$ cat input_18.txt   # compact mmCIF, N, CA and C atoms
# COMPACT_ATOMS: atom_id res chain seq x y z
N MET A 299 -3.47 18.63 -24.43
CA MET A 299 -3.68 18.65 -25.86
C MET A 299 -3.46 17.27 -26.46
N ALA A 300 -2.47 16.56 -25.94
CA ALA A 300 -2.14 15.25 -26.51
C ALA A 300 -3.28 14.26 -26.33
N ARG A 301 -4.04 14.40 -25.26
CA ARG A 301 -5.15 13.46 -25.02
C ARG A 301 -6.44 13.89 -25.69
N ALA A 302 -6.49 15.08 -26.26
CA ALA A 302 -7.74 15.58 -26.86
C ALA A 302 -8.27 14.65 -27.93
N ALA A 303 -7.40 14.04 -28.71
CA ALA A 303 -7.85 13.11 -29.75
C ALA A 303 -8.49 11.87 -29.14
N LEU A 304 -8.00 11.46 -27.99
CA LEU A 304 -8.54 10.28 -27.31
C LEU A 304 -9.86 10.58 -26.60
N THR A 305 -9.94 11.75 -25.98
CA THR A 305 -11.09 12.06 -25.13
C THR A 305 -12.12 12.98 -25.77
N GLY A 306 -11.69 13.77 -26.74
CA GLY A 306 -12.60 14.72 -27.37
C GLY A 306 -12.77 16.02 -26.62
N VAL A 307 -12.02 16.21 -25.53
CA VAL A 307 -12.09 17.46 -24.76
C VAL A 307 -10.67 17.95 -24.48
N LEU A 308 -10.55 19.24 -24.21
CA LEU A 308 -9.23 19.83 -23.98
C LEU A 308 -8.85 19.90 -22.50
N THR A 309 -9.83 19.92 -21.61
CA THR A 309 -9.51 20.07 -20.19
C THR A 309 -10.01 18.88 -19.39
N ASN A 310 -9.33 18.61 -18.29
CA ASN A 310 -9.75 17.52 -17.41
C ASN A 310 -11.12 17.79 -16.81
N ALA A 311 -11.45 19.05 -16.60
CA ALA A 311 -12.74 19.41 -16.03
C ALA A 311 -13.89 18.98 -16.92
N ASP A 312 -13.64 18.89 -18.23
CA ASP A 312 -14.70 18.52 -19.17
C ASP A 312 -14.77 17.03 -19.47
N LEU A 313 -13.91 16.24 -18.84
CA LEU A 313 -13.92 14.81 -19.08
C LEU A 313 -15.20 14.17 -18.54
N GLY A 314 -15.87 13.40 -19.37
CA GLY A 314 -17.00 12.61 -18.91
C GLY A 314 -16.49 11.40 -18.14
N SER A 315 -17.39 10.68 -17.50
CA SER A 315 -16.98 9.54 -16.67
C SER A 315 -16.22 8.48 -17.45
N ALA A 316 -16.69 8.13 -18.64
CA ALA A 316 -16.03 7.08 -19.43
C ALA A 316 -14.62 7.52 -19.84
N ALA A 317 -14.49 8.75 -20.32
CA ALA A 317 -13.17 9.26 -20.73
C ALA A 317 -12.25 9.38 -19.52
N LEU A 318 -12.81 9.80 -18.40
CA LEU A 318 -12.02 9.94 -17.18
C LEU A 318 -11.41 8.61 -16.78
N LEU A 319 -12.19 7.54 -16.87
CA LEU A 319 -11.68 6.22 -16.50
C LEU A 319 -10.58 5.75 -17.44
N ARG A 320 -10.57 6.24 -18.68
CA ARG A 320 -9.52 5.87 -19.62
C ARG A 320 -8.21 6.60 -19.33
N VAL A 321 -8.28 7.85 -18.90
CA VAL A 321 -7.06 8.66 -18.75
C VAL A 321 -6.61 8.86 -17.31
N ALA A 322 -7.42 8.50 -16.36
CA ALA A 322 -7.08 8.73 -14.95
C ALA A 322 -7.17 7.42 -14.17
N ARG A 323 -6.29 6.51 -14.52
CA ARG A 323 -6.22 5.22 -13.82
C ARG A 323 -5.11 5.29 -12.77
N PRO A 324 -5.50 5.34 -11.50
CA PRO A 324 -4.47 5.43 -10.46
C PRO A 324 -3.70 4.12 -10.32
N ASP A 325 -2.48 4.20 -9.83
CA ASP A 325 -1.70 3.01 -9.52
C ASP A 325 -2.31 2.33 -8.29
N ALA A 326 -1.70 1.25 -7.84
CA ALA A 326 -2.24 0.47 -6.72
C ALA A 326 -2.41 1.32 -5.46
N ASP A 327 -1.42 2.15 -5.15
CA ASP A 327 -1.52 3.03 -3.97
C ASP A 327 -2.68 4.01 -4.13
N GLY A 328 -2.81 4.56 -5.30
CA GLY A 328 -3.90 5.50 -5.57
C GLY A 328 -5.26 4.85 -5.46
N ARG A 329 -5.37 3.63 -5.94
CA ARG A 329 -6.65 2.90 -5.84
C ARG A 329 -7.01 2.63 -4.38
N ARG A 330 -6.01 2.25 -3.59
CA ARG A 330 -6.26 2.00 -2.16
C ARG A 330 -6.71 3.27 -1.46
N LEU A 331 -6.01 4.38 -1.72
CA LEU A 331 -6.39 5.66 -1.11
C LEU A 331 -7.81 6.06 -1.52
N LEU A 332 -8.10 5.90 -2.78
CA LEU A 332 -9.41 6.27 -3.29
C LEU A 332 -10.50 5.42 -2.67
N ALA A 333 -10.27 4.12 -2.57
CA ALA A 333 -11.26 3.22 -1.96
C ALA A 333 -11.47 3.57 -0.49
N ARG A 334 -10.38 3.86 0.21
CA ARG A 334 -10.49 4.23 1.63
C ARG A 334 -11.24 5.54 1.79
N ALA A 335 -10.97 6.49 0.93
CA ALA A 335 -11.67 7.78 0.99
C ALA A 335 -13.15 7.60 0.71
N MET A 336 -13.47 6.79 -0.27
CA MET A 336 -14.88 6.54 -0.60
C MET A 336 -15.60 5.96 0.62
N ASP A 337 -14.93 5.01 1.27
CA ASP A 337 -15.53 4.33 2.42
C ASP A 337 -15.60 5.23 3.65
N GLN A 338 -14.48 5.83 4.03
CA GLN A 338 -14.41 6.59 5.27
C GLN A 338 -15.08 7.96 5.19
N LEU A 339 -15.03 8.58 4.02
CA LEU A 339 -15.59 9.92 3.88
C LEU A 339 -17.00 9.89 3.29
N GLY A 340 -17.45 8.72 2.90
CA GLY A 340 -18.79 8.62 2.32
C GLY A 340 -18.91 9.38 1.01
N MET A 341 -17.84 9.38 0.22
CA MET A 341 -17.84 10.12 -1.03
C MET A 341 -18.82 9.50 -2.03
N THR A 342 -19.46 10.36 -2.78
CA THR A 342 -20.37 9.91 -3.83
C THR A 342 -19.57 9.62 -5.09
N GLY A 343 -20.23 9.03 -6.08
CA GLY A 343 -19.59 8.79 -7.36
C GLY A 343 -19.15 10.09 -8.01
N ARG A 344 -19.95 11.10 -7.83
CA ARG A 344 -19.62 12.42 -8.38
C ARG A 344 -18.35 12.99 -7.73
N ALA A 345 -18.25 12.84 -6.42
CA ALA A 345 -17.05 13.31 -5.70
C ALA A 345 -15.83 12.49 -6.13
N HIS A 346 -16.02 11.21 -6.35
CA HIS A 346 -14.96 10.32 -6.85
C HIS A 346 -14.41 10.85 -8.16
N ASP A 347 -15.30 11.18 -9.09
CA ASP A 347 -14.88 11.68 -10.40
C ASP A 347 -14.18 13.03 -10.28
N ARG A 348 -14.69 13.91 -9.43
CA ARG A 348 -14.04 15.21 -9.23
C ARG A 348 -12.62 15.02 -8.69
N LEU A 349 -12.49 14.11 -7.75
CA LEU A 349 -11.18 13.83 -7.16
C LEU A 349 -10.21 13.32 -8.23
N LEU A 350 -10.68 12.40 -9.07
CA LEU A 350 -9.82 11.88 -10.13
C LEU A 350 -9.43 12.97 -11.13
N ARG A 351 -10.35 13.88 -11.42
CA ARG A 351 -10.01 14.98 -12.34
C ARG A 351 -8.89 15.85 -11.77
N VAL A 352 -8.99 16.15 -10.48
CA VAL A 352 -7.95 16.96 -9.83
C VAL A 352 -6.64 16.19 -9.80
N ALA A 353 -6.69 14.91 -9.45
CA ALA A 353 -5.47 14.10 -9.42
C ALA A 353 -4.83 14.01 -10.81
N ARG A 354 -5.66 13.87 -11.85
CA ARG A 354 -5.15 13.83 -13.23
C ARG A 354 -4.46 15.15 -13.58
N THR A 355 -5.03 16.26 -13.15
CA THR A 355 -4.43 17.57 -13.40
C THR A 355 -3.10 17.69 -12.68
N LEU A 356 -3.03 17.22 -11.45
CA LEU A 356 -1.77 17.26 -10.70
C LEU A 356 -0.69 16.44 -11.41
N ALA A 357 -1.06 15.27 -11.91
CA ALA A 357 -0.10 14.45 -12.66
C ALA A 357 0.32 15.16 -13.94
N ASP A 358 -0.62 15.82 -14.60
CA ASP A 358 -0.31 16.57 -15.82
C ASP A 358 0.70 17.68 -15.52
N LEU A 359 0.52 18.37 -14.40
CA LEU A 359 1.43 19.46 -14.04
C LEU A 359 2.85 18.95 -13.81
N GLU A 360 2.97 17.68 -13.41
CA GLU A 360 4.29 17.06 -13.23
C GLU A 360 4.80 16.45 -14.54
N GLY A 361 3.97 16.45 -15.55
CA GLY A 361 4.37 15.84 -16.82
C GLY A 361 4.32 14.33 -16.80
N ARG A 362 3.50 13.76 -15.94
CA ARG A 362 3.41 12.31 -15.78
C ARG A 362 2.25 11.74 -16.58
N ASP A 363 2.49 10.61 -17.22
CA ASP A 363 1.40 9.91 -17.92
C ASP A 363 0.53 9.16 -16.93
N GLY A 364 1.17 8.55 -15.93
CA GLY A 364 0.45 7.76 -14.95
C GLY A 364 -0.05 8.59 -13.79
N LEU A 365 -1.02 8.04 -13.10
CA LEU A 365 -1.62 8.69 -11.93
C LEU A 365 -1.15 7.92 -10.70
N ALA A 366 -0.32 8.55 -9.88
CA ALA A 366 0.27 7.90 -8.71
C ALA A 366 -0.55 8.18 -7.45
N GLY A 367 -0.27 7.40 -6.44
CA GLY A 367 -0.94 7.58 -5.16
C GLY A 367 -0.76 8.98 -4.61
N ARG A 368 0.41 9.58 -4.84
CA ARG A 368 0.67 10.94 -4.33
C ARG A 368 -0.26 11.95 -4.97
N HIS A 369 -0.67 11.72 -6.21
CA HIS A 369 -1.60 12.63 -6.87
C HIS A 369 -2.99 12.53 -6.24
N VAL A 370 -3.40 11.31 -5.94
CA VAL A 370 -4.69 11.10 -5.28
C VAL A 370 -4.65 11.70 -3.88
N ALA A 371 -3.54 11.49 -3.17
CA ALA A 371 -3.40 12.03 -1.82
C ALA A 371 -3.48 13.55 -1.82
N GLU A 372 -2.80 14.18 -2.78
CA GLU A 372 -2.83 15.65 -2.84
C GLU A 372 -4.22 16.15 -3.20
N ALA A 373 -4.89 15.46 -4.10
CA ALA A 373 -6.26 15.85 -4.46
C ALA A 373 -7.18 15.73 -3.24
N LEU A 374 -6.97 14.70 -2.44
CA LEU A 374 -7.76 14.54 -1.21
C LEU A 374 -7.49 15.68 -0.24
N GLN A 375 -6.25 16.13 -0.17
CA GLN A 375 -5.93 17.26 0.71
C GLN A 375 -6.66 18.52 0.26
N PHE A 376 -6.73 18.75 -1.04
CA PHE A 376 -7.46 19.91 -1.53
C PHE A 376 -8.93 19.80 -1.17
N ARG A 377 -9.48 18.61 -1.27
CA ARG A 377 -10.89 18.39 -0.93
C ARG A 377 -11.12 18.69 0.55
N GLY A 378 -10.20 18.24 1.40
CA GLY A 378 -10.32 18.49 2.84
C GLY A 378 -10.22 19.96 3.18
N ALA A 379 -9.32 20.65 2.50
CA ALA A 379 -9.15 22.08 2.77
C ALA A 379 -10.40 22.84 2.35
N ARG A 380 -11.00 22.46 1.24
CA ARG A 380 -12.21 23.13 0.76
C ARG A 380 -13.37 22.85 1.73
N ALA A 381 -13.48 21.59 2.16
CA ALA A 381 -14.58 21.23 3.06
C ALA A 381 -14.45 21.95 4.38
N ALA A 382 -13.22 22.13 4.87
CA ALA A 382 -13.01 22.81 6.14
C ALA A 382 -13.34 24.30 6.02
N ALA A 383 -13.18 24.86 4.83
CA ALA A 383 -13.42 26.28 4.64
C ALA A 383 -14.91 26.60 4.45
N GLU A 384 -15.71 25.60 4.13
CA GLU A 384 -17.14 25.84 3.91
C GLU A 384 -17.88 25.87 5.25
N PRO A 385 -18.88 26.73 5.38
CA PRO A 385 -19.63 26.81 6.65
C PRO A 385 -20.50 25.60 6.87
$ encode --input "input_18.txt" --output "structure tokens"
Amino acid sequence: MARAALTGVLTNADLGSAALLRVARPDADGRRLLARAMDQLGMTGRAHDRLLRVARTLADLEGRDGLAGRHVAEALQFRGARAAAEP
């Protein structure tokens, strides 16, 4: 709710790319993990944004303003679990 005035949306799922980049800036560890995932997993820009939305939600659940590497890592784990479950 606090970010709604800044972004114009109530949920992280509805964040557009520009708003997402304003509110989901990972720390140095998070940026490294994200870059490595993009390179090694061949993630698209769309997958990148989805990952950041999930990481932002995880940080929100902890009550954190910043996005840490652990949030990116956990979001990557969810992505891996989903990919493994798909045929």
$ closest_residue --input "input_18.txt" --among "A:Asp337, A:Val307, A:Arg323, A:Ala316" --to "Gly364 in chain A" --atoms "only N, CA and C atoms"
A:Arg323
$ closest_residue --input "input_18.txt" --among "A:Gly378, A:Leu331, A:Ala311, A:Leu304" --to "Thr355 in chain A" --atoms "all atoms listed in the file"
A:Ala311
$ residues_around --input "input_18.txt" --residues "His369 in chain A" --least-positions-apart "5" --cutoff "7 Å" --atoms "only N, CA and C atoms" --output "MDAnalysis selection string"
chainID A and resid 352:354 356:357 374
$ write_last_selection --input "input_18.txt" --atoms "N, CA and C atoms" --output "JSON list (two decimals), in the coordinates of the input"
[["chain", "number", "residue", "atom", "x", "y", "z"],
["A", 352, "VAL", "N", -8.99, 16.15, -10.48],
["A", 352, "VAL", "CA", -7.95, 16.96, -9.83],
["A", 352, "VAL", "C", -6.64, 16.19, -9.80],
["A", 353, "ALA", "N", -6.69, 14.91, -9.45],
["A", 353, "ALA", "CA", -5.47, 14.10, -9.42],
["A", 353, "ALA", "C", -4.83, 14.01, -10.81],
["A", 354, "ARG", "N", -5.66, 13.87, -11.85],
["A", 354, "ARG", "CA", -5.15, 13.83, -13.23],
["A", 354, "ARG", "C", -4.46, 15.15, -13.58],
["A", 356, "LEU", "N", -3.03, 17.22, -11.45],
["A", 356, "LEU", "CA", -1.77, 17.26, -10.70],
["A", 356, "LEU", "C", -0.69, 16.44, -11.41],
["A", 357, "ALA", "N", -1.06, 15.27, -11.91],
["A", 357, "ALA", "CA", -0.10, 14.45, -12.66],
["A", 357, "ALA", "C", 0.32, 15.16, -13.94],
["A", 374, "LEU", "N", -6.97, 14.70, -2.44],
["A", 374, "LEU", "CA", -7.76, 14.54, -1.21],
["A", 374, "LEU", "C", -7.49, 15.68, -0.24]]
$ residues_near_point --input "input_18.txt" --point "(-3.6, 10.2, -17.5)" --cutoff "12 Å" --atoms "only C-alpha atoms" --output "PyMOL selection string"
chain A and resi 299-302+304-305+309-310+313+317-325+350-366+369
$ select_by_dssp --input "input_18.txt" --residues "range 305-381 of chain A" --states "helix (DSSP H, G or I)" --output "PyMOL selection string"
chain A and resi 305+310-312+315-321+326-339+343-359+367-381
$ atom_distance --input "input_18.txt" --atom1 "atom N of Gln338 in chain A" --atom2 "atom C of Gln375 in chain A"
15.4 Å
